[in-house]
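J.: Shown below is the structure under consideration.
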Amino acid sequence: MSDHPAFFGSDEEPSGIPADLLPYLEAADEPSEADRQAEQARQEAEEAADRADRERAEALRALVENSLLLGPDPSILAEIESDEDEDGTPSDEEDHERMLDDAQQAAQERAEVARIYESIVARAPEHKVQPSLERVRSVMDILGDPHTSYPSVHITGTNGKTTTARMMDALLGALGLRTGRFTSPHLLDVRERICLDGEPISHRAFIDAYHDVQPYIDMVDHSSIEQGGPTLSFFEVFTVMALAAFADYPVDAAVVEVGMGGTWDSTNVVDGQVGVIMPIDVDHQKWLGNTVTDIAHEKAGIIKPGQITVVAHQRDEVLEILRERADQVGARLLAEGTDFEVVARERAVGGQLMSLRTPHAMYTDIFLPLHGEHQAHNAAAALTGVEAFIGERALDAQVVEQAFGAVTSPGRLQVVRRSPMIIVDGAHNPAGARTVRAAIEDLGLAHVVGVFAAMSDKDVDTMLGEVEPVMDELIVTQMDSVRAMELDDVQAIAEDVFDDTRVSRIPDIAEAVAEAATRVETRAEPGENVAVIVFGSIVLAGQATQIISQANGR
């Protein structure tokens with residue numbers, strides 16, 4: 001019936017319309033059979049379109065969540081979710097289509113990055129050293145030596161390289177410079193190895209970087225094979241990609257971390273205006289030598305003529321080798337304890353306060369949101385290196401505060417959960433284990449349960465010996481890596497270092513961490529600080545971080 005007010009709201013007949021005509025008017029207002037069928041068809045079409053959109057969104061969501069190797073990207077998932085109302089209908093049809101197209105393209109790019117990564121991994125892995133710079137030099141020469149188009153900082157050492165690189169990157173960025181950073185290994189995403197302005201290279205830029213250099217890598221591979229040599233290794237390909245990507249961006253400054261050693265590391269095609277050598281200890285003996293002096297000779301290879309070389313605390317015999325190399329090539333060496341130092345530090349909520357002396361200034365009460373005394377020493381080396389890089393002058397204190405206040409170091413004494421505290425660390429050698437022990441003591445932890453796994457070539461006995469006095473229990477687990485030490489072997493060593501009553505075996509990482517959290521909470525008295533420490537390998541650190549993040553709903 002018509003909704004006109006004249007037809008309802010009163011018991012009287014509508015004015016001017018005879019009563020005998022009303023049934024005919026009512027019939028005329030009723031929709032015809034054809035109208036009803038048309039309306040039904042329209043509703044069914046709308047429902048089908050909505051259903052298709054939801055199915056497409058679900059398919060894209062599944063594609064993103066199951067992208068190979070690199071894991072789900074929360075930002076892409078958020079884009080898919082945010083364009084839907086609570087009832088699941090698109091808020092705006094055009095925007096919805098655009099967002100879905102963008103999400104589909106992003107998923108395709110992620111899949112392409114994964115494919116490229118797999119193809120690079122199929123080469124000689126990064127732990128298989130092929131001691132020559134000729135292959136990388138040849139590719140860079142064909143490309144026109146892009147790495148000479150920007151100044152560089154070159155960093156080596158046994159531990160602390162990546163964190164120091166991140167600190168220097170942050171300082172240079174706070175000064176307004178466009179930066180490139182090359183570090184290894186990655187924690188969760190292979191793109192972490194190549195960063196631009198402090199952020200991992202985009203999926204699209206990663207793909208472009210690979211395709212830009214691939215033809216020239218193939219040329220050098222072919223030439224090397226013809227001469228009886230190997231193809232470029234996994235790490236060599238990444239070095240070429242990073243150095244070329246920095247030039248293409250372009251960066252004002254590059255911070256380049258060696259993969260292993262120094263002299264024969266593929267990054268040593270770089271002539272760093274500033275070199276930074278972090279503490280040198282025994283690691284990678286199979287490739288670098290069995291003694292700390294052998295390893296020091298190898299790492300001293302990054303010292304170049306005219307360079308300012310910043311040297312963190314070293315053993316006396318190591319420092320002597322580095323000084324000799326600097327004298328030979330005409331480099332100037334700045335040593336911790338003489339030219340720069342950590343004057344004072346104290347624990348603070350979420351990190352520590354530092355006072356640092358450098359050759360050009362005293363920086364007091366600088367907050368660093370990282371735990372452990374070693375991080376203060378890393379900061380001192382980073383700050384001294386940046387001073388040298390920008391013309392041997394002091395930095396504005398506000399710039400230093402801004403940069404250090406924003407520094408992160410994933411997988412390096414990283415707190416990934418607060419209650420109970422779970423700390424993830426990539427310590428994979430005795431020196432790293434000593435750092436973990438010092439951090440436990442520095443944090444004043446009353447009870448600690450460790451979760452541990454290691455690669456098969458590591459000195460597990462010494463590593464566990466370093467932490468045994470400060471851990472109540474140890475749970476050994478199995479990480480996903482072809483290089484991982486067999487769980488039986490890890491357990492046997494652990495039971496020898498600890499006693500078998502303090503060692504448990506839980507192969508699944510998620511279950512191992514959950515059990516460790518339960519046990520450490522059980523031990524805790526009111527007011528005590530307790531923690532779970534997951535350590536032994538950067539691979540374990542990455543896998544544990546991802547598991548805990550997913551459990552936290554991130």
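By convention in this document, the chains of the structure tokens carry letters A, B, ... by their order, each chain's residues are numbered from 1, and ligands are numbered from 1 in the order they are shown.
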Considering only C-alpha atoms, return as an mmCIF file with all heavy atoms, in the first residue's frame whatever protein or nucleic-acid residues lie within 12 Å of A:Pro469, sequence-local ones (same chain, fewer than 4 positions apart) excluded.
T.:
```cif
data_model
loop_
_atom_site.group_PDB
_atom_site.id
_atom_site.type_symbol
_atom_site.label_atom_id
_atom_site.label_comp_id
_atom_site.auth_asym_id
_atom_site.auth_seq_id
_atom_site.Cartn_x
_atom_site.Cartn_y
_atom_site.Cartn_z
ATOM 1 N N ALA A 433 78.390 -16.459 24.758
ATOM 2 C CA ALA A 433 77.864 -17.051 25.985
ATOM 3 C C ALA A 433 78.333 -16.278 27.212
ATOM 4 O O ALA A 433 77.581 -16.110 28.179
ATOM 5 C CB ALA A 433 78.283 -18.517 26.086
ATOM 6 N N ARG A 434 79.574 -15.798 27.183
ATOM 7 C CA ARG A 434 80.063 -14.971 28.296
ATOM 8 C C ARG A 434 79.244 -13.693 28.419
ATOM 9 O O ARG A 434 78.960 -13.218 29.526
ATOM 10 C CB ARG A 434 81.544 -14.629 28.093
ATOM 11 C CG ARG A 434 82.492 -15.753 28.455
ATOM 12 C CD ARG A 434 83.923 -15.248 28.616
ATOM 13 N NE ARG A 434 84.477 -14.751 27.358
ATOM 14 C CZ ARG A 434 85.051 -15.508 26.437
ATOM 15 N NH1 ARG A 434 85.137 -16.825 26.613
ATOM 16 N NH2 ARG A 434 85.541 -14.974 25.339
ATOM 17 N N VAL A 436 76.101 -13.377 27.573
ATOM 18 C CA VAL A 436 74.818 -13.769 28.162
ATOM 19 C C VAL A 436 74.949 -13.891 29.677
ATOM 20 O O VAL A 436 74.093 -13.404 30.435
ATOM 21 C CB VAL A 436 74.317 -15.090 27.546
ATOM 22 C CG1 VAL A 436 73.132 -15.642 28.343
ATOM 23 C CG2 VAL A 436 73.917 -14.886 26.091
ATOM 24 N N ARG A 437 76.023 -14.544 30.117
ATOM 25 C CA ARG A 437 76.233 -14.695 31.565
ATOM 26 C C ARG A 437 76.352 -13.324 32.232
ATOM 27 O O ARG A 437 75.728 -13.084 33.282
ATOM 28 C CB ARG A 437 77.498 -15.511 31.822
ATOM 29 C CG ARG A 437 77.877 -15.586 33.299
ATOM 30 C CD ARG A 437 79.095 -16.453 33.526
ATOM 31 N NE ARG A 437 79.522 -16.426 34.918
ATOM 32 C CZ ARG A 437 80.440 -17.230 35.432
ATOM 33 N NH1 ARG A 437 81.043 -18.132 34.661
ATOM 34 N NH2 ARG A 437 80.764 -17.157 36.701
ATOM 35 N N ALA A 438 77.124 -12.418 31.632
ATOM 36 C CA ALA A 438 77.296 -11.079 32.219
ATOM 37 C C ALA A 438 75.963 -10.340 32.280
ATOM 38 O O ALA A 438 75.686 -9.617 33.250
ATOM 39 C CB ALA A 438 78.311 -10.284 31.398
ATOM 40 N N ILE A 440 72.951 -11.699 32.542
ATOM 41 C CA ILE A 440 72.144 -12.306 33.614
ATOM 42 C C ILE A 440 72.540 -11.705 34.961
ATOM 43 O O ILE A 440 71.689 -11.355 35.788
ATOM 44 C CB ILE A 440 72.326 -13.832 33.614
ATOM 45 C CG1 ILE A 440 71.652 -14.444 32.370
ATOM 46 C CG2 ILE A 440 71.753 -14.451 34.891
ATOM 47 C CD1 ILE A 440 71.941 -15.919 32.173
ATOM 48 N N GLU A 441 73.848 -11.581 35.177
ATOM 49 C CA GLU A 441 74.345 -11.001 36.437
ATOM 50 C C GLU A 441 73.983 -9.523 36.521
ATOM 51 O O GLU A 441 73.592 -9.021 37.587
ATOM 52 C CB GLU A 441 75.845 -11.211 36.537
ATOM 53 C CG GLU A 441 76.246 -12.685 36.644
ATOM 54 C CD GLU A 441 77.735 -12.924 36.512
ATOM 55 O OE1 GLU A 441 78.443 -12.041 35.964
ATOM 56 O OE2 GLU A 441 78.208 -13.989 36.952
ATOM 57 N N HIS A 447 66.488 -16.283 39.194
ATOM 58 C CA HIS A 447 66.335 -17.618 38.638
ATOM 59 C C HIS A 447 66.289 -17.526 37.111
ATOM 60 O O HIS A 447 65.627 -16.636 36.559
ATOM 61 C CB HIS A 447 65.067 -18.300 39.162
ATOM 62 C CG HIS A 447 65.081 -18.526 40.640
ATOM 63 N ND1 HIS A 447 65.885 -19.476 41.243
ATOM 64 C CD2 HIS A 447 64.390 -17.918 41.631
ATOM 65 C CE1 HIS A 447 65.690 -19.431 42.546
ATOM 66 N NE2 HIS A 447 64.794 -18.503 42.818
ATOM 67 N N VAL A 448 66.972 -18.443 36.459
ATOM 68 C CA VAL A 448 67.019 -18.472 34.990
ATOM 69 C C VAL A 448 66.886 -19.909 34.525
ATOM 70 O O VAL A 448 67.557 -20.814 35.035
ATOM 71 C CB VAL A 448 68.351 -17.880 34.457
ATOM 72 C CG1 VAL A 448 68.421 -18.021 32.941
ATOM 73 C CG2 VAL A 448 68.495 -16.419 34.867
ATOM 74 N N VAL A 449 66.021 -20.120 33.549
ATOM 75 C CA VAL A 449 65.945 -21.393 32.846
ATOM 76 C C VAL A 449 66.339 -21.129 31.401
ATOM 77 O O VAL A 449 65.789 -20.237 30.756
ATOM 78 C CB VAL A 449 64.538 -22.014 32.922
ATOM 79 C CG1 VAL A 449 64.469 -23.284 32.070
ATOM 80 C CG2 VAL A 449 64.178 -22.329 34.364
ATOM 81 N N GLY A 450 67.311 -21.886 30.893
ATOM 82 C CA GLY A 450 67.776 -21.691 29.531
ATOM 83 C C GLY A 450 67.111 -22.648 28.561
ATOM 84 O O GLY A 450 66.741 -23.767 28.923
ATOM 85 N N MET A 463 80.618 -23.176 25.524
ATOM 86 C CA MET A 463 79.489 -22.254 25.627
ATOM 87 C C MET A 463 78.645 -22.537 26.864
ATOM 88 O O MET A 463 78.328 -21.635 27.645
ATOM 89 C CB MET A 463 78.613 -22.347 24.369
ATOM 90 C CG MET A 463 79.238 -21.793 23.103
ATOM 91 S SD MET A 463 78.219 -22.135 21.655
ATOM 92 C CE MET A 463 76.741 -21.205 22.020
ATOM 93 N N LEU A 464 78.301 -23.805 27.050
ATOM 94 C CA LEU A 464 77.463 -24.157 28.200
ATOM 95 C C LEU A 464 78.226 -24.002 29.509
ATOM 96 O O LEU A 464 77.637 -23.669 30.544
ATOM 97 C CB LEU A 464 76.932 -25.579 28.045
ATOM 98 C CG LEU A 464 75.957 -25.795 26.881
ATOM 99 C CD1 LEU A 464 75.469 -27.237 26.849
ATOM 100 C CD2 LEU A 464 74.768 -24.836 26.979
ATOM 101 N N GLY A 465 79.527 -24.221 29.463
ATOM 102 C CA GLY A 465 80.335 -24.014 30.658
ATOM 103 C C GLY A 465 80.311 -22.572 31.124
ATOM 104 O O GLY A 465 80.398 -22.295 32.326
ATOM 105 N N GLU A 473 68.336 -24.376 35.334
ATOM 106 C CA GLU A 473 68.065 -25.548 34.496
ATOM 107 C C GLU A 473 68.342 -25.196 33.040
ATOM 108 O O GLU A 473 68.372 -24.012 32.666
ATOM 109 C CB GLU A 473 66.599 -25.987 34.611
ATOM 110 C CG GLU A 473 66.144 -26.446 35.970
ATOM 111 C CD GLU A 473 64.679 -26.850 35.929
ATOM 112 O OE1 GLU A 473 64.359 -27.834 35.228
ATOM 113 O OE2 GLU A 473 63.859 -26.175 36.579
ATOM 114 N N LEU A 474 68.473 -26.239 32.227
ATOM 115 C CA LEU A 474 68.650 -26.060 30.788
ATOM 116 C C LEU A 474 67.734 -27.032 30.057
ATOM 117 O O LEU A 474 67.710 -28.227 30.356
ATOM 118 C CB LEU A 474 70.098 -26.320 30.378
ATOM 119 C CG LEU A 474 70.423 -26.013 28.909
ATOM 120 C CD1 LEU A 474 70.485 -24.504 28.682
ATOM 121 C CD2 LEU A 474 71.748 -26.660 28.496
ATOM 122 N N VAL A 497 78.064 -31.039 31.236
ATOM 123 C CA VAL A 497 78.414 -29.720 31.792
ATOM 124 C C VAL A 497 77.563 -29.421 33.014
ATOM 125 O O VAL A 497 78.075 -29.006 34.068
ATOM 126 C CB VAL A 497 78.245 -28.622 30.727
ATOM 127 C CG1 VAL A 497 78.494 -27.243 31.341
ATOM 128 C CG2 VAL A 497 79.188 -28.856 29.552
ATOM 129 N N PHE A 498 76.243 -29.545 32.878
ATOM 130 C CA PHE A 498 75.350 -29.434 34.030
ATOM 131 C C PHE A 498 75.347 -30.842 34.660
ATOM 132 O O PHE A 498 76.256 -31.626 34.450
ATOM 133 C CB PHE A 498 73.934 -29.051 33.563
ATOM 134 C CG PHE A 498 73.800 -27.634 33.060
ATOM 135 C CD1 PHE A 498 74.404 -27.238 31.882
ATOM 136 C CD2 PHE A 498 73.055 -26.703 33.759
ATOM 137 C CE1 PHE A 498 74.274 -25.926 31.401
ATOM 138 C CE2 PHE A 498 72.908 -25.390 33.296
ATOM 139 C CZ PHE A 498 73.525 -25.011 32.125
ATOM 140 N N ASP A 499 74.358 -31.207 35.399
ATOM 141 C CA ASP A 499 74.173 -32.617 35.721
ATOM 142 C C ASP A 499 72.818 -33.022 35.165
ATOM 143 O O ASP A 499 71.978 -32.167 34.872
ATOM 144 C CB ASP A 499 74.268 -32.885 37.233
ATOM 145 C CG ASP A 499 73.234 -32.114 38.014
ATOM 146 O OD1 ASP A 499 72.037 -32.458 37.904
ATOM 147 O OD2 ASP A 499 73.612 -31.175 38.736
ATOM 148 N N ARG A 502 69.461 -31.446 35.945
ATOM 149 C CA ARG A 502 69.190 -30.049 35.570
ATOM 150 C C ARG A 502 69.003 -29.883 34.062
ATOM 151 O O ARG A 502 68.891 -28.753 33.578
ATOM 152 C CB ARG A 502 70.338 -29.148 36.042
ATOM 153 C CG ARG A 502 70.477 -29.071 37.560
ATOM 154 C CD ARG A 502 71.817 -28.445 37.940
ATOM 155 N NE ARG A 502 71.954 -27.078 37.440
ATOM 156 C CZ ARG A 502 73.126 -26.465 37.273
ATOM 157 N NH1 ARG A 502 74.263 -27.110 37.520
ATOM 158 N NH2 ARG A 502 73.169 -25.229 36.827
#
```
J.: What lies within 9 Å of stretch 384-398 of chain A using only C-alpha atoms, ignoring chain neighbours under 4 positions off, as a count of residues only?
T.: 30
J.: Interatomic distance between atom CA of A:Ala107 and atom CA of A:Phe206?
T.: 14.0 Å
J.: Identify all residues of stretch 183-237 of chain A in strand (DSSP E or B) (DSSP on the backbone) and supply them as a PyMOL selection string.
T.: chain A and resi 194-196+199-200
J.: Would you kindly return, as a tab-separated table (two decimals) with N, CA and C atoms, in the first residue's frame, each protein, DNA or RNA residue with an atom no farther than 9 Å from any atom of A:Val258, considering only C-alpha atoms and excluding same-chain residues fewer than 3 positions away?
T.:
```tsv
chain	number	residue	atom	x	y	z
A	154	HIS	N	83.31	0.03	7.43
A	154	HIS	CA	83.46	-1.43	7.32
A	154	HIS	C	83.68	-2.00	8.72
A	155	ILE	N	82.89	-2.98	9.11
A	155	ILE	CA	82.91	-3.49	10.49
A	155	ILE	C	83.23	-4.97	10.51
A	156	THR	N	84.17	-5.35	11.39
A	156	THR	CA	84.46	-6.76	11.62
A	156	THR	C	84.60	-7.00	13.12
A	157	GLY	N	84.97	-8.22	13.49
A	157	GLY	CA	85.06	-8.63	14.90
A	157	GLY	C	84.38	-9.97	15.06
A	161	LYS	N	79.10	-7.05	16.02
A	161	LYS	CA	79.16	-6.35	14.73
A	161	LYS	C	77.80	-5.80	14.31
A	182	PHE	N	74.38	-3.24	5.47
A	182	PHE	CA	74.47	-4.64	5.07
A	182	PHE	C	74.97	-5.44	6.25
A	183	THR	N	74.13	-6.36	6.75
A	183	THR	CA	74.49	-7.18	7.90
A	183	THR	C	74.07	-8.62	7.65
A	184	SER	N	74.56	-9.50	8.48
A	184	SER	CA	74.18	-10.92	8.38
A	184	SER	C	74.45	-11.60	9.73
A	261	GLY	N	85.44	-13.15	9.05
A	261	GLY	CA	86.85	-12.81	8.90
A	261	GLY	C	87.05	-11.37	8.46
A	262	GLY	N	87.77	-11.21	7.34
A	262	GLY	CA	88.07	-9.87	6.87
A	262	GLY	C	88.79	-9.88	5.53
A	265	ASP	N	86.91	-11.96	3.03
A	265	ASP	CA	85.46	-11.79	3.02
A	265	ASP	C	85.05	-10.98	1.80
A	266	SER	N	83.93	-11.36	1.19
A	266	SER	CA	83.53	-10.70	-0.06
A	266	SER	C	83.27	-9.20	0.12
A	267	THR	N	82.94	-8.77	1.34
A	267	THR	CA	82.73	-7.33	1.56
A	267	THR	C	84.03	-6.55	1.50
A	268	ASN	N	85.18	-7.22	1.47
A	268	ASN	CA	86.45	-6.50	1.51
A	268	ASN	C	86.81	-5.86	0.17
A	302	ILE	N	90.71	-5.79	6.91
A	302	ILE	CA	89.84	-4.69	6.49
A	302	ILE	C	90.50	-3.33	6.69
```
J.: Nearest to A:Lys458: which of A:Asp489, A:Asp197, A:Asp145, A:Glu525 is it, counting only C-alpha atoms?
T.: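 The answer is A:Asp489, which sits nearest to A:Lys458.
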J.: Would you give me, as a PyMOL selection string, the residues in stretch 272-432 of chain A that DSSP reads as alpha helix (DSSP H)?
T.: chain A and resi 285-288+292-299+316-329+373-389+397-405+430-432
J.: Skipping near chain neighbours, those fewer than 3 positions away, what residues fall within 6 Å of A:Gly536 using only C-alpha atoms, listed as a compact mmCIF listing (two decimals) with C-alpha atoms, in the first residue's frame?
T.:
```
# COMPACT_ATOMS: atom_id res chain seq x y z
CA ALA A 427 74.93 -16.12 21.16
CA HIS A 428 76.63 -18.87 19.15
CA PHE A 452 69.39 -24.09 23.99
CA ALA A 453 70.27 -25.44 20.53
CA ALA A 454 73.40 -25.02 18.44
```
J.: Report, in Å to a single decimal, how far apart atom CA of A:Pro430 and atom CA of A:Ile295 are.
T.: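 Between atom CA of A:Ile295 and atom CA of A:Pro430 the gap works out to 14.8 Å.
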J.: So that I can check the surroundings of A:Arg323, please list as a list in words every protein, DNA and RNA residue that reaches within 12 Å of it, counting only C-alpha atoms and ignoring chain neighbours fewer than 3 positions away.
T.: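 Close residues of A:Arg323: Ile277, Ala296, His297, Ala300, Gly301, Ile303, Ile308, Thr309, Val310, Val311, Gln314, Asp316, Glu317, Val318, Leu319, Glu320, Ala326, Asp327, Gln328, Val329, Gly330, Ala331, Arg332, Leu333, Leu334 and Ala335 of chain A.
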J.: Could you turn the residues from that selection into a file that holds N, CA and C atoms, as a CSV table (one decimal), in the first residue's frame?
T.:
```
chain,number,residue,atom,x,y,z
A,277,ILE,N,86.6,-2.4,14.4
A,277,ILE,CA,86.9,-3.8,14.8
A,277,ILE,C,86.4,-4.1,16.2
A,296,ALA,N,92.9,-12.8,14.4
A,296,ALA,CA,93.2,-11.4,14.3
A,296,ALA,C,93.9,-11.0,13.0
A,297,HIS,N,94.8,-11.8,12.6
A,297,HIS,CA,95.5,-11.5,11.3
A,297,HIS,C,94.5,-11.4,10.1
A,300,ALA,N,92.2,-8.3,10.5
A,300,ALA,CA,93.0,-7.1,10.3
A,300,ALA,C,93.0,-6.7,8.8
A,301,GLY,N,92.6,-7.6,7.9
A,301,GLY,CA,92.6,-7.3,6.5
A,301,GLY,C,91.7,-6.2,6.1
A,303,ILE,N,91.6,-3.3,7.4
A,303,ILE,CA,92.3,-2.0,7.6
A,303,ILE,C,93.0,-1.6,6.3
A,308,ILE,N,90.7,5.6,9.2
A,308,ILE,CA,90.6,5.7,10.6
A,308,ILE,C,90.0,4.4,11.2
A,309,THR,N,90.7,3.7,12.0
A,309,THR,CA,90.2,2.4,12.4
A,309,THR,C,89.9,2.4,13.9
A,310,VAL,N,88.6,2.2,14.3
A,310,VAL,CA,88.2,2.2,15.6
A,310,VAL,C,88.2,0.8,16.2
A,311,VAL,N,88.9,0.6,17.3
A,311,VAL,CA,89.2,-0.7,17.8
A,311,VAL,C,88.6,-0.9,19.2
A,314,GLN,N,90.4,-5.3,23.2
A,314,GLN,CA,91.1,-6.5,22.6
A,314,GLN,C,92.1,-7.0,23.6
A,316,ASP,N,95.8,-8.1,24.5
A,316,ASP,CA,97.0,-7.4,24.2
A,316,ASP,C,97.6,-7.9,22.9
A,317,GLU,N,97.7,-9.2,22.7
A,317,GLU,CA,98.3,-9.8,21.5
A,317,GLU,C,97.5,-9.4,20.2
A,318,VAL,N,96.2,-9.3,20.4
A,318,VAL,CA,95.4,-9.0,19.2
A,318,VAL,C,95.6,-7.5,18.9
A,319,LEU,N,95.6,-6.6,19.9
A,319,LEU,CA,95.8,-5.2,19.6
A,319,LEU,C,97.1,-4.9,19.0
A,320,GLU,N,98.2,-5.7,19.4
A,320,GLU,CA,99.5,-5.5,18.7
A,320,GLU,C,99.4,-5.9,17.2
A,326,ALA,N,97.9,-1.5,10.9
A,326,ALA,CA,97.6,-0.1,10.7
A,326,ALA,C,98.9,0.7,10.3
A,327,ASP,N,100.0,0.4,11.0
A,327,ASP,CA,101.3,1.0,10.7
A,327,ASP,C,101.8,0.7,9.2
A,328,GLN,N,101.6,-0.6,8.9
A,328,GLN,CA,102.0,-1.0,7.5
A,328,GLN,C,101.3,-0.3,6.4
A,329,VAL,N,100.0,0.0,6.6
A,329,VAL,CA,99.2,0.5,5.5
A,329,VAL,C,99.0,2.0,5.6
A,330,GLY,N,99.4,2.6,6.7
A,330,GLY,CA,99.2,4.0,6.9
A,330,GLY,C,97.8,4.4,7.4
A,331,ALA,N,97.3,3.5,8.2
A,331,ALA,CA,96.0,3.8,8.8
A,331,ALA,C,96.2,4.4,10.2
A,332,ARG,N,95.2,5.1,10.8
A,332,ARG,CA,95.2,5.6,12.1
A,332,ARG,C,94.3,4.9,13.0
A,333,LEU,N,94.8,4.4,14.1
A,333,LEU,CA,94.0,3.5,15.0
A,333,LEU,C,93.5,4.3,16.2
A,334,LEU,N,92.2,4.1,16.6
A,334,LEU,CA,91.7,4.7,17.8
A,334,LEU,C,91.2,3.5,18.7
A,335,ALA,N,91.9,3.4,19.8
A,335,ALA,CA,91.7,2.2,20.7
A,335,ALA,C,90.8,2.5,21.9
```
J.: In Å, how far is it from atom CA of A:Arg166 to atom CA of A:Met278?
T.: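 Atom CA of A:Arg166 sits 13.6 Å away from atom CA of A:Met278.
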J.: Give me, as a list in words, all polymer residues having an atom no more than 10 Å from A:Pro507, counting only C-alpha atoms and skipping those fewer than 2 positions away in the same chain.
T.: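 Non-adjacent residues within range: Ala453, Ile475, Val476, Thr477, Gln478, Met479, Leu487, Ser504, Arg505, Ile509, Ala510, Glu511 and Ala512 of chain A.
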J.: Which is closest to A:Asp221 among A:Val237, A:Gly432, A:Val270, A:Val539, if we use only C-alpha atoms?
T.: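 Going through A:Val237, A:Gly432, A:Val270, A:Val539 one by one, the smallest distance to A:Asp221 is for A:Val237.
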J.: Compare A:Glu336, A:Asp208, A:Asp281, A:Glu298 by their minimum atom-to-atom distance to A:Ile116, counting only C-alpha atoms, and give me the closest one.
T.: A:Asp208
J.: Measuring between only C-alpha atoms, which one of A:Asp461, A:Met260, A:Met167, A:Asp508 shows the shortest distance to A:Gln491?
T.: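 Of A:Asp461, A:Met260, A:Met167, A:Asp508, the one nearest A:Gln491, counting only C-alpha atoms, is A:Asp461.
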J.: Tell me which of A:Ser224, A:Thr291, A:Gln375, A:Thr179 sits closest to A:Ala242, counting only C-alpha atoms.
T.: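 Comparing A:Ser224, A:Thr291, A:Gln375, A:Thr179 against A:Ala242, the winner is A:Thr179.
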J.: With distances taken over only C-alpha atoms, which residue among A:Val513, A:Asp488, A:Glu199, A:Pro369 lies nearest A:Thr408?
T.: A:Pro369
